[in-house]
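Here the structure comes first, spelled out in structure tokens, and everything after it is commentary.
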Amino acid sequence: MMNSLKMAFRRLFRKGEHALTRIISLTAGLAFGILLLSEVLYYFSYDSIYPDADRIYLVEENFKTDKSSEELENYPRVSGAIAPGLKAEVPGVEAATRLNSIGDNIIYTEDLKSYDAKISLADEHLFDVLPVPMVSGNPEEILRSPMSCMISEEIAENMGGDVIGKVIGIKAYPDKKLTIAGVFKTLPDNVNYKYDLLISMVSTEHFTWDGTDNWMGNDRYYACVKLSPGVIPEDLAPAVRAMQVKHQDIENLEEKNGGLVLEYSFKPIQEIKVDNVWDMILILSTIALAVLFVSLMNYILLTMGTLITRAKSSAIHKTCGAATRNLQQMIFSETVVLFFISIVGAILLIWALKPMAEAQWGHSLISVLNPYVILPLALLILVLIFVTSYFPGRFYSRIPVATAFRSYKQKKGKWKLVLLSFQFLGATFILTVLVIVTLQYNSMKTADHGYITDGVYYASTAGMDGNKIGLVLNELRAMPEIEKVGMGYDVPISGASGNNVISPDGEKELFNVADFYEVDENYLSILGLQVDQGEGFSNGNAITNDIIISKKGSELLKLNNGWSGDVTGRQVTLTAHDNATIRGVYPDFVIRSISEPDLRPSVFFYQPEERFEELKIEDPSMSFNILVAVNEGAQEGIVDKLTEVLNLGFPYDDAQVKSLETEQLKAYKGQKGFRNAMLIGNLIILMVTIIGLLGYTYNESVRRRKELAIRRINGATLADILKAFVSDLEYVAVPAVLLGLVAAWLTADKWMQNFAFKMQMHWGIFAACSLFILVLVALIATINYTRTANQNPVDALRQE
């Protein structure tokens, strides 16, 4: 074997071997294929860090609010009392825990240094279910102690290392102080629920409404259970139902609210990520395998072409006693060498693309270096080496010995056309998918979302001194660049929490709405939201808690309550709110993004500006957004100017101003990244296809040079020759292109199912992409065959 490898290295860059071409083709295909497949395999490694991960399950709510719903909806959060209730009353549950996220926040040390952190409240049983190695401290004791916390090792090192006993504050809760009592190992990227700072759940009342004892409502807790060995989720159903009967009075609720269903299910924690991105897994796998397949077909095509020139060496090896096995081993060794060089090149190429890949995937490339990724990829590469060496090796070992004494004539080789057709198929497939993905991305990015983003900026008041809000608002309004200033709790791109509309008799919850809570009289006009029934909010015609509702919401009110005509002026009650008067109806707009829209109706409640200020003074941890509309043409440098003014209200000068237009574009980051990945894949496949096509047409022109010469002597024109030779290729290309279009349509249709709003996949897209590939094939073939056909036919016949 070692001798074979040495010989393979010696032959590496001999003339006519096309080694460099094969390496370039293989390197590009392997780099892109490995990059995509590593991400796919990485999804399967989520939450594998936890011991006994196969016994850990996420508790989900399964619900149906009325008889009209055909299927149960799933929600991956539950009420606060569910997790401890399952541990206490359901046999087979070995341990249970719950977490309650309070979001991404900035934390401060006493020396006023700041750090970004994902913060969650956690109960004392967290490490019984989802254990993480501790650097210092006892997690059970820490999570039982009020206003006690522990931080990740990464943040602790950034703080200086010795952090136990230090007091920290949180920007969004300026009047609250926490004591660091422990440090845990930083969580890897491949966990479904990530945190950098854990606060004891007994501290909940200091940060948010305390729903830890709720059996229903306030469904915001991430609850996990660890089942006893041998127990499966189906075994728990009777006991879970008994728990609901005892604590939720579920039977009476179901009878009272005909059609209401509330159940709990258990999803394996290691399947959460895979289920959430299953469509993407299928698409990425398809694209990766397509690129790899085309690259390998091209490699085999080029390799088989080079073996023709080595026919005599095969015969000489046989004459000297080489067996079929020895010749196949020789080709296998050459393949191993080329693959090794290509893999090294692929790794270097991936490393060069590291910043772009990490920005797209949202995690470091180093994190994919785990057994779930490395072992399958290593097995795949071994399979590829075997496949790409077996067929050329078999061909090489079967060349007749007689070729040592006479010229070996290559047969017509329809197998070459078969290999080439696979490349045409792959090129058509990925080009068509690229065009559709690009058009969908552009249509989403430029679509009318129902509100204005250009010239709109906003900043959260989390951490702002409530007594300085008036000063900040006055300074903003004094800026010549500012057209209008307003306030509201949420912006459309950030989404909204949910509350239920109650029936007039108070007996039923009719439907859920996206509740944007309170806004002032300027908020709607800043976003360009126009009320088309009734009237908007103003100091003169609205009072606190008046409501405006989207058109979809007004239609549902009519349908459920039997109302007719205009809904304005009617009374309506929502959970978490008092009775309200509907002032107006506005057109529905896109909540969150077109790629992940919230299709619920939406509502806004009115609150005057002075009330915002009063509430912020009363509760410093309460926060809302300040929105500004900037005059046209005055946006240059406006973020810095706004930040300077807003910092008048922040004790640490850390105001963060966001552009609504920029944040909306960020919502399509995933689609943009997918488009970029498709673009790279398309360029690679086109490059590989062109290389393969050039190699094939060159070999064919050499093999058929006598035929070309005779045709020219008999009076055939260049056009006649090109027509005959190019048509042979097109007969193969046309069916391959059609199959590629079918594969592209199936893949694109699957991908488009992720969107509520879809662009039309017009037949013209498929026609244009297929025409491009067919013209490209004809053009390359024409160039190569023209060069041979223009040679002196006498020279070709003399060589024969």
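Letters A, B, ... mark the chains of the structure tokens in the order given; residue numbers begin at 1 per chain; ligand numbers begin at 1, in order shown.
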*Non-local contacts of Leu473 in chain A (10 Å; only C-alpha atoms; under 6 positions in same chain excluded) as a ChimeraX atom specification*: /A:485-487,609,626,628,645-646,649
Using only C-alpha atoms, determine which residues lie at most 7 Å from range 85-95 of chain A, disregarding the query and same-chain residues fewer than 6 positions distant; provide the list as a short mmCIF file (atom, residue, chain, number, x, y, z; two decimals) with C-alpha atoms, in the first residue's frame.
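Contents of the output file result25.cif:
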```
data_model
loop_
_atom_site.label_atom_id
_atom_site.label_comp_id
_atom_site.auth_asym_id
_atom_site.auth_seq_id
_atom_site.Cartn_x
_atom_site.Cartn_y
_atom_site.Cartn_z
CA ASP A 128 -31.26 17.56 38.67
CA VAL A 129 -32.61 17.60 35.10
CA VAL A 225 -38.79 16.48 33.20
CA LYS A 226 -36.45 13.54 33.55
CA LEU A 227 -38.28 10.23 33.40
CA SER A 228 -37.32 7.14 35.35
CA VAL A 231 -40.72 4.95 31.47
CA LEU A 236 -47.79 9.22 32.14
CA ALA A 239 -51.63 10.47 36.01
CA VAL A 240 -51.28 13.77 34.12
CA MET A 243 -53.40 16.03 38.08
#
```
*asked:* I'd like the contact shell of Phe537 in chain A - 8 Å cut-off, only C-alpha atoms, skipping same-chain residues fewer than 5 positions apart - returned as a ChimeraX atom specification.
replied: /A:520-521,542,583,606
Using N, CA and C atoms, can you write the selected residues to a file as a PDB file, in the first residue's frame?
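File selection35.pdb, as written:
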```pdb
ATOM      1  N   ASP A 520     -49.158  56.088  22.807  1.00  0.00           N
ATOM      2  CA  ASP A 520     -49.678  57.450  22.954  1.00  0.00           C
ATOM      3  C   ASP A 520     -50.312  57.909  21.640  1.00  0.00           C
ATOM      4  N   GLU A 521     -50.703  59.178  21.582  1.00  0.00           N
ATOM      5  CA  GLU A 521     -51.436  59.680  20.424  1.00  0.00           C
ATOM      6  C   GLU A 521     -50.575  59.842  19.172  1.00  0.00           C
ATOM      7  N   ALA A 542     -59.891  60.538  23.222  1.00  0.00           N
ATOM      8  CA  ALA A 542     -59.613  59.214  23.791  1.00  0.00           C
ATOM      9  C   ALA A 542     -59.265  59.339  25.261  1.00  0.00           C
ATOM     10  N   ARG A 583     -62.423  52.495  19.714  1.00  0.00           N
ATOM     11  CA  ARG A 583     -62.442  53.809  19.085  1.00  0.00           C
ATOM     12  C   ARG A 583     -62.335  53.734  17.557  1.00  0.00           C
ATOM     13  N   TYR A 606     -54.865  52.928  24.476  1.00  0.00           N
ATOM     14  CA  TYR A 606     -54.390  54.307  24.569  1.00  0.00           C
ATOM     15  C   TYR A 606     -53.894  54.625  25.968  1.00  0.00           C
TER      16      TYR A 606
END
```
*Residues flagged strand (DSSP E or B) by DSSP in range 483-627 of chain A, as a ChimeraX atom specification*: /A:483-488,497-502,509-519,533-534,547-550,571-574,580-586,592,597,602-606,625-627
*All residues 10 Å or closer to Ile164 in chain A, only C-alpha atoms, same chain fewer than 2 positions away omitted, as a PyMOL selection string*: chain A and resi 136-137+149-151+156+161-162+166-167+179-183
*Do a neighbour search on Phe127 in chain A at 9 Å with only C-alpha atoms, toss out local chain neighbours closer than 5 positions, and write the hits as a PyMOL selection string.*
chain A and resi 97+132+139-140
Generate the output file for the selected residues, all heavy atoms, as a compact mmCIF listing (two decimals), in the first residue's frame.
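This went into again28.txt:
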```
# COMPACT_ATOMS: atom_id res chain seq x y z
N THR A 97 -38.07 20.45 36.43
CA THR A 97 -37.55 21.79 36.68
C THR A 97 -38.23 22.79 35.74
O THR A 97 -38.92 22.40 34.80
CB THR A 97 -36.02 21.84 36.48
OG1 THR A 97 -35.51 23.09 36.93
CG2 THR A 97 -35.66 21.66 35.01
N VAL A 132 -25.15 21.21 34.50
CA VAL A 132 -24.00 21.83 33.84
C VAL A 132 -22.86 21.81 34.85
O VAL A 132 -23.08 22.09 36.04
CB VAL A 132 -24.33 23.28 33.42
CG1 VAL A 132 -23.11 23.93 32.80
CG2 VAL A 132 -25.50 23.31 32.46
N PRO A 139 -25.20 24.80 43.25
CA PRO A 139 -26.35 25.35 42.51
C PRO A 139 -27.67 25.23 43.25
O PRO A 139 -28.51 26.12 43.16
CB PRO A 139 -26.35 24.52 41.21
CG PRO A 139 -25.59 23.28 41.53
CD PRO A 139 -24.56 23.69 42.54
N GLU A 140 -27.86 24.14 43.99
CA GLU A 140 -29.14 23.97 44.69
C GLU A 140 -29.33 25.04 45.76
O GLU A 140 -30.40 25.62 45.90
CB GLU A 140 -29.20 22.57 45.31
CG GLU A 140 -30.57 22.23 45.87
CD GLU A 140 -30.66 20.78 46.31
OE1 GLU A 140 -29.79 19.98 45.92
OE2 GLU A 140 -31.62 20.46 47.04
```
*Can you pull out every residue within 7 Å of Tyr264 in chain A, counting only C-alpha atoms, but drop anything in the same chain fewer than 3 positions away, and send it as a ChimeraX atom specification?*
/A:59-62
Could you dump the residues just selected with all heavy atoms as an mmCIF file, in the first residue's frame?
```cif
data_model
loop_
_atom_site.group_PDB
_atom_site.id
_atom_site.type_symbol
_atom_site.label_atom_id
_atom_site.label_comp_id
_atom_site.auth_asym_id
_atom_site.auth_seq_id
_atom_site.Cartn_x
_atom_site.Cartn_y
_atom_site.Cartn_z
ATOM 1 N N VAL A 59 -41.832 19.746 28.407
ATOM 2 C CA VAL A 59 -43.280 19.686 28.607
ATOM 3 C C VAL A 59 -43.929 20.735 27.714
ATOM 4 O O VAL A 59 -43.574 21.923 27.760
ATOM 5 C CB VAL A 59 -43.654 19.943 30.077
ATOM 6 C CG1 VAL A 59 -45.160 19.743 30.278
ATOM 7 C CG2 VAL A 59 -42.873 19.032 31.009
ATOM 8 N N GLU A 60 -44.895 20.306 26.882
ATOM 9 C CA GLU A 60 -45.591 21.213 25.981
ATOM 10 C C GLU A 60 -47.077 21.226 26.266
ATOM 11 O O GLU A 60 -47.640 20.214 26.705
ATOM 12 C CB GLU A 60 -45.382 20.786 24.522
ATOM 13 C CG GLU A 60 -43.978 20.964 24.008
ATOM 14 C CD GLU A 60 -43.896 20.721 22.516
ATOM 15 O OE1 GLU A 60 -44.612 19.839 22.001
ATOM 16 O OE2 GLU A 60 -43.104 21.420 21.858
ATOM 17 N N GLU A 61 -47.685 22.375 26.017
ATOM 18 C CA GLU A 61 -49.146 22.469 26.064
ATOM 19 C C GLU A 61 -49.716 22.086 24.707
ATOM 20 O O GLU A 61 -49.195 22.510 23.666
ATOM 21 C CB GLU A 61 -49.582 23.903 26.394
ATOM 22 C CG GLU A 61 -49.391 24.295 27.831
ATOM 23 C CD GLU A 61 -49.935 25.687 28.113
ATOM 24 O OE1 GLU A 61 -50.285 26.400 27.149
ATOM 25 O OE2 GLU A 61 -50.001 26.060 29.288
ATOM 26 N N ASN A 62 -50.758 21.306 24.707
ATOM 27 C CA ASN A 62 -51.504 20.996 23.480
ATOM 28 C C ASN A 62 -52.921 21.472 23.718
ATOM 29 O O ASN A 62 -53.573 21.026 24.665
ATOM 30 C CB ASN A 62 -51.486 19.497 23.196
ATOM 31 C CG ASN A 62 -50.087 18.917 23.272
ATOM 32 O OD1 ASN A 62 -49.784 18.155 24.169
ATOM 33 N ND2 ASN A 62 -49.227 19.296 22.363
#
```
_Among the residues A:Pro84, A:Gly29, A:Pro355, A:Gly103, the one that comes closest to His125 in chain A [using only C-alpha atoms]_ =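 The closest residue to His125 in chain A is A:Pro84.
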*asked:* Report as JSON, numbers by chain all protein, DNA and RNA residues lying within 10 Å of range 495-512 of chain A, evaluated on only C-alpha atoms, omitting residues in the same chain fewer than 2 positions from it.
replied: {"A": [65, 66, 256, 257, 258, 260, 489, 490, 491, 492, 493, 514, 515, 516, 517, 553, 556, 557, 560, 561, 571, 572, 573, 574, 575, 576, 577, 579, 590, 591, 592, 593, 597, 598, 600, 601, 602, 603]}
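Going from CA of Phe755 in chain A to CA of Glu596 in chain A covers 6.7 Å.
Each of A:Glu39, A:Glu613, A:Asp566, A:Glu124 was checked against Val277 in chain A using only C-alpha atoms; the smallest atom-to-atom distance is that of A:Glu39.
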If you take only C-alpha atoms and a cut-off of 12 Å, which residues of range 61-122 of chain A touch range 653-666 of chain A, and what are their nearest atom pairs and distances in Å to one decimal, in chain and number order, as a tab-separated table?
```
residue	atom	partner	partner_atom	distance
A:Ile106	CA	A:Asp654	CA	9.6
A:Ile107	CA	A:Asp654	CA	11.6
A:Tyr108	CA	A:Asp654	CA	11.3
A:Leu112	CA	A:Asp653	CA	10.9
A:Lys113	CA	A:Asp654	CA	11.2
A:Ser114	CA	A:Asp654	CA	9.4
A:Tyr115	CA	A:Asp654	CA	11.6
```
_If I take CA of Pro188 in chain A and CA of Asn276 in chain A, how far is one from the other in Å, to one decimal?_
18.9 Å
